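Enquirer: What follows is a single structure, and I will ask about it in a moment.
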Amino acid sequence: MRQRALTRRVVLRGTAVAAVAASVAGCSGAGPAPGAAPTPRPPDAETVLLTGVIADKEQMVALYRQAARANAKTAARLQPFQQRHEAHLAELRRRLPAPVPPPAGTPTPSASAGGSPSAAAVSIGTLRQMEGKAAAARVRQVRTVSAPLAQLLASIGACEAAHAAALARPR
């Protein structure tokens with residue numbers, strides 16, 4: 001009988017200690033198992049948008065590089081456009097809080113920019129079309145973001161629209 005009382009007493013003390021520890025730690029018993037890594041929070045909507053815009057800009061820079069390979073005259077004409085895209089890319093990357101992998105189901109840059117032309121098909125007309133699509137995307141994007149990011153996206157969109165207009169002029 002002495003042993004039963006001792007066992008009950010030990011169990012009651014252990015339960016009381018565990019209850020106090022749980023309340024002090026703020027545990028409800030529904031949290032992760034002890035020693036488990038905390039679940040990372042999903043990126044916020046602006047970070048996801050920035051990641052997508054950065055991917056689109058990287059694709060645009062790559063397209064300008066492909067088009068510039070055609071000849072020296074084309075390369076000289078396209079260099080200022082490419083440099084502006086690279087400046088946009090640097091500013092967008094600066095605003096990204098931390099490297100975030102794109103969430104599952106996020107469209108690839110080519111899908112979100114309306115398709116990626118093949119290496120042989122990158123012409124001034126293709127660049128003009130891609131610039132117009134990018135500028136139109138910025139108009140939609142500014143509606144869903146903070147004011148500072150909206151200002152940046154609006155400026156980038158205006159530049160892209162100006163690129164589309166400039167590329168439409170014959171040389």
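Identifiers for the structure tokens are assigned positionally: chains receive A, B, ... in sequence, residues are indexed from 1 per chain, and ligands are indexed from 1 in the order shown.
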Do a neighbour search on A:Met60 at 9 Å with only C-alpha atoms, toss out local chain neighbours closer than 6 positions, and write the hits as a list in words.
Expert: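 Contacts, in chain order: Gln82, His85, Leu127, Met130 and Glu131 of chain A.
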Enquirer: Find the residues around A:Gly157 up to 10 Å (only C-alpha atoms counted), leave out those fewer than 4 positions away in its own chain, and share them as a ChimeraX atom specification.
Expert: /A:131-139,141-142,151-153,161-163
Enquirer: Would you output that residue set with N, CA, C and O atoms, as a PDB file, in the first residue's frame?
Expert:
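And here is the file that came out, result_37.pdb:
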ATOM      1  N   GLU A 131       7.724  44.295 -73.901  1.00  0.00           N
ATOM      2  CA  GLU A 131       7.697  45.539 -73.128  1.00  0.00           C
ATOM      3  C   GLU A 131       6.252  45.985 -72.877  1.00  0.00           C
ATOM      4  O   GLU A 131       5.904  46.403 -71.768  1.00  0.00           O
ATOM      5  N   GLY A 132       5.420  45.905 -73.903  1.00  0.00           N
ATOM      6  CA  GLY A 132       4.011  46.282 -73.746  1.00  0.00           C
ATOM      7  C   GLY A 132       3.292  45.400 -72.732  1.00  0.00           C
ATOM      8  O   GLY A 132       2.520  45.894 -71.896  1.00  0.00           O
ATOM      9  N   LYS A 133       3.544  44.109 -72.788  1.00  0.00           N
ATOM     10  CA  LYS A 133       2.928  43.184 -71.818  1.00  0.00           C
ATOM     11  C   LYS A 133       3.409  43.475 -70.403  1.00  0.00           C
ATOM     12  O   LYS A 133       2.630  43.441 -69.446  1.00  0.00           O
ATOM     13  N   ALA A 134       4.687  43.763 -70.268  1.00  0.00           N
ATOM     14  CA  ALA A 134       5.245  44.056 -68.946  1.00  0.00           C
ATOM     15  C   ALA A 134       4.638  45.342 -68.385  1.00  0.00           C
ATOM     16  O   ALA A 134       4.262  45.398 -67.207  1.00  0.00           O
ATOM     17  N   ALA A 135       4.516  46.375 -69.222  1.00  0.00           N
ATOM     18  CA  ALA A 135       3.930  47.639 -68.770  1.00  0.00           C
ATOM     19  C   ALA A 135       2.481  47.434 -68.328  1.00  0.00           C
ATOM     20  O   ALA A 135       2.050  47.982 -67.314  1.00  0.00           O
ATOM     21  N   ALA A 136       1.740  46.633 -69.063  1.00  0.00           N
ATOM     22  CA  ALA A 136       0.346  46.349 -68.699  1.00  0.00           C
ATOM     23  C   ALA A 136       0.277  45.589 -67.373  1.00  0.00           C
ATOM     24  O   ALA A 136      -0.620  45.830 -66.550  1.00  0.00           O
ATOM     25  N   ALA A 137       1.214  44.698 -67.136  1.00  0.00           N
ATOM     26  CA  ALA A 137       1.243  43.949 -65.874  1.00  0.00           C
ATOM     27  C   ALA A 137       1.490  44.884 -64.696  1.00  0.00           C
ATOM     28  O   ALA A 137       0.893  44.708 -63.629  1.00  0.00           O
ATOM     29  N   ARG A 138       2.333  45.892 -64.869  1.00  0.00           N
ATOM     30  CA  ARG A 138       2.621  46.829 -63.777  1.00  0.00           C
ATOM     31  C   ARG A 138       1.361  47.590 -63.361  1.00  0.00           C
ATOM     32  O   ARG A 138       1.147  47.839 -62.181  1.00  0.00           O
ATOM     33  N   VAL A 139       0.513  47.923 -64.322  1.00  0.00           N
ATOM     34  CA  VAL A 139      -0.738  48.631 -64.012  1.00  0.00           C
ATOM     35  C   VAL A 139      -1.592  47.784 -63.066  1.00  0.00           C
ATOM     36  O   VAL A 139      -2.165  48.299 -62.103  1.00  0.00           O
ATOM     37  N   GLN A 141      -0.448  45.388 -61.075  1.00  0.00           N
ATOM     38  CA  GLN A 141       0.293  45.106 -59.850  1.00  0.00           C
ATOM     39  C   GLN A 141       0.246  46.256 -58.844  1.00  0.00           C
ATOM     40  O   GLN A 141       0.216  46.016 -57.641  1.00  0.00           O
ATOM     41  N   VAL A 142       0.218  47.496 -59.313  1.00  0.00           N
ATOM     42  CA  VAL A 142       0.253  48.629 -58.379  1.00  0.00           C
ATOM     43  C   VAL A 142      -1.004  48.696 -57.513  1.00  0.00           C
ATOM     44  O   VAL A 142      -0.983  49.309 -56.449  1.00  0.00           O
ATOM     45  N   GLN A 151       4.843  52.938 -56.213  1.00  0.00           N
ATOM     46  CA  GLN A 151       5.578  54.001 -56.912  1.00  0.00           C
ATOM     47  C   GLN A 151       6.690  53.419 -57.776  1.00  0.00           C
ATOM     48  O   GLN A 151       6.882  53.836 -58.923  1.00  0.00           O
ATOM     49  N   LEU A 152       7.417  52.463 -57.226  1.00  0.00           N
ATOM     50  CA  LEU A 152       8.498  51.836 -57.994  1.00  0.00           C
ATOM     51  C   LEU A 152       7.938  51.096 -59.200  1.00  0.00           C
ATOM     52  O   LEU A 152       8.430  51.261 -60.325  1.00  0.00           O
ATOM     53  N   LEU A 153       6.900  50.303 -58.978  1.00  0.00           N
ATOM     54  CA  LEU A 153       6.318  49.543 -60.089  1.00  0.00           C
ATOM     55  C   LEU A 153       5.730  50.465 -61.153  1.00  0.00           C
ATOM     56  O   LEU A 153       5.834  50.182 -62.348  1.00  0.00           O
ATOM     57  N   ALA A 161       6.661  51.093 -70.918  1.00  0.00           N
ATOM     58  CA  ALA A 161       5.767  51.638 -71.945  1.00  0.00           C
ATOM     59  C   ALA A 161       6.550  52.539 -72.906  1.00  0.00           C
ATOM     60  O   ALA A 161       6.325  52.503 -74.122  1.00  0.00           O
ATOM     61  N   ALA A 162       7.475  53.320 -72.349  1.00  0.00           N
ATOM     62  CA  ALA A 162       8.319  54.163 -73.199  1.00  0.00           C
ATOM     63  C   ALA A 162       9.217  53.306 -74.092  1.00  0.00           C
ATOM     64  O   ALA A 162       9.437  53.641 -75.267  1.00  0.00           O
ATOM     65  N   HIS A 163       9.707  52.199 -73.563  1.00  0.00           N
ATOM     66  CA  HIS A 163      10.510  51.278 -74.373  1.00  0.00           C
ATOM     67  C   HIS A 163       9.679  50.735 -75.536  1.00  0.00           C
ATOM     68  O   HIS A 163      10.165  50.696 -76.685  1.00  0.00           O
TER      69      HIS A 163
END
Enquirer: Extract, using only C-alpha atoms, all DNA, RNA and protein residues at most 12 Å from stretch 143-147 of chain A, discarding same-chain residues fewer than 6 positions from it, and format them as an NGL selection string.
Expert: :A and (44-50 or 137 or 153-154)
Enquirer: Hey, can you spit out that residue selection with N, CA, C and O atoms as a short mmCIF file (atom, residue, chain, number, x, y, z; two decimals), in the first residue's frame?
Expert:
data_model
loop_
_atom_site.label_atom_id
_atom_site.label_comp_id
_atom_site.auth_asym_id
_atom_site.auth_seq_id
_atom_site.Cartn_x
_atom_site.Cartn_y
_atom_site.Cartn_z
N ASP A 44 5.01 36.98 -47.56
CA ASP A 44 3.85 37.85 -47.72
C ASP A 44 3.62 38.10 -49.21
O ASP A 44 4.46 37.81 -50.05
N ALA A 45 2.46 38.66 -49.52
CA ALA A 45 2.05 38.86 -50.93
C ALA A 45 3.02 39.76 -51.69
O ALA A 45 3.30 39.52 -52.86
N GLU A 46 3.55 40.79 -51.04
CA GLU A 46 4.48 41.69 -51.74
C GLU A 46 5.79 40.98 -52.07
O GLU A 46 6.36 41.20 -53.13
N THR A 47 6.26 40.12 -51.19
CA THR A 47 7.48 39.38 -51.45
C THR A 47 7.28 38.43 -52.62
O THR A 47 8.14 38.30 -53.49
N VAL A 48 6.13 37.78 -52.66
CA VAL A 48 5.82 36.88 -53.77
C VAL A 48 5.77 37.69 -55.07
O VAL A 48 6.33 37.28 -56.09
N LEU A 49 5.12 38.85 -55.05
CA LEU A 49 5.04 39.70 -56.24
C LEU A 49 6.44 40.15 -56.67
O LEU A 49 6.79 40.06 -57.85
N LEU A 50 7.23 40.63 -55.73
CA LEU A 50 8.59 41.06 -56.05
C LEU A 50 9.40 39.94 -56.69
O LEU A 50 10.12 40.17 -57.66
N ALA A 137 1.21 44.70 -67.14
CA ALA A 137 1.24 43.95 -65.87
C ALA A 137 1.49 44.88 -64.70
O ALA A 137 0.89 44.71 -63.63
N LEU A 153 6.90 50.30 -58.98
CA LEU A 153 6.32 49.54 -60.09
C LEU A 153 5.73 50.47 -61.15
O LEU A 153 5.83 50.18 -62.35
N ALA A 154 5.12 51.57 -60.73
CA ALA A 154 4.57 52.53 -61.70
C ALA A 154 5.70 53.15 -62.53
O ALA A 154 5.56 53.31 -63.76
#
Enquirer: Could you check how far atom CA of A:Gly125 sits from atom CA of A:Tyr64, in Å to one decimal?
Expert: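 Going from atom CA of A:Gly125 over to atom CA of A:Tyr64 covers 11.8 Å.
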Enquirer: Would you kindly return, as a VMD selection string, each protein, DNA or RNA residue with an atom no farther than 9 Å from any atom of stretch 73-75 of chain A, considering only C-alpha atoms and excluding same-chain residues fewer than 5 positions away?
Expert: chain A and resid 64 to 65 67 to 68 124
Enquirer: Store the residues of this selection in a file with N, CA and C atoms, as a tab-separated table (two decimals), in the first residue's frame.
Expert:
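Final output, saved to again_32.tsv:
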chain	number	residue	atom	x	y	z
A	64	TYR	N	17.04	40.85	-74.18
A	64	TYR	CA	17.81	41.95	-74.78
A	64	TYR	C	19.21	41.48	-75.16
A	65	ARG	N	19.80	40.66	-74.33
A	65	ARG	CA	21.14	40.13	-74.65
A	65	ARG	C	21.08	39.26	-75.90
A	67	ALA	N	18.86	39.44	-78.35
A	67	ALA	CA	18.60	40.30	-79.51
A	67	ALA	C	19.85	41.07	-79.91
A	68	ALA	N	20.65	41.48	-78.95
A	68	ALA	CA	21.85	42.26	-79.23
A	68	ALA	C	22.91	41.43	-79.96
A	124	ILE	N	13.32	43.00	-82.64
A	124	ILE	CA	12.86	44.27	-82.07
A	124	ILE	C	11.35	44.19	-81.83
Enquirer: Give me, please, the distance in Å between atom CA of A:Arg69 and atom CA of A:Phe81, quoted to one decimal.
Expert: 14.6 Å
Enquirer: Which one is closest to A:Ile54: A:Arg77, A:Arg84, A:Arg95, A:Arg171? Count only C-alpha atoms.
Expert: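 For A:Ile54, the nearest of the given residues is A:Arg95.
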Enquirer: A:Val53, A:Cys159, A:Pro43, A:Val61: which is nearest A:Pro97, counting only C-alpha atoms?
Expert: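 Closest residue, counting only C-alpha atoms: A:Pro43.
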Enquirer: As a PyMOL selection string, please: every residue in stretch 36-86 of chain A that DSSP puts in alpha helix (DSSP H).
Expert: chain A and resi 45-68+72-86
Enquirer: Check the smallest atom-to-atom distance from each of A:Ala76, A:Val122, A:Leu149, A:Ile156 to A:Ala62 using only C-alpha atoms, then report the winner.
Expert: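 Looking at the shortest contact to A:Ala62, the residue is A:Val122.
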Enquirer: Just the number, please: distance in Å from atom CA of A:Gln83 to atom CA of A:Gln66, one decimal.
Expert: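 Spanning atom CA of A:Gln83 to atom CA of A:Gln66 is a straight-line distance of 14.1 Å.
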Enquirer: Which is closest to A:Glu58 among A:Ala150, A:Asn71, A:Leu78, A:Leu92, if we use only C-alpha atoms?
Expert: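 Looking at the shortest contact to A:Glu58, the residue is A:Leu92.
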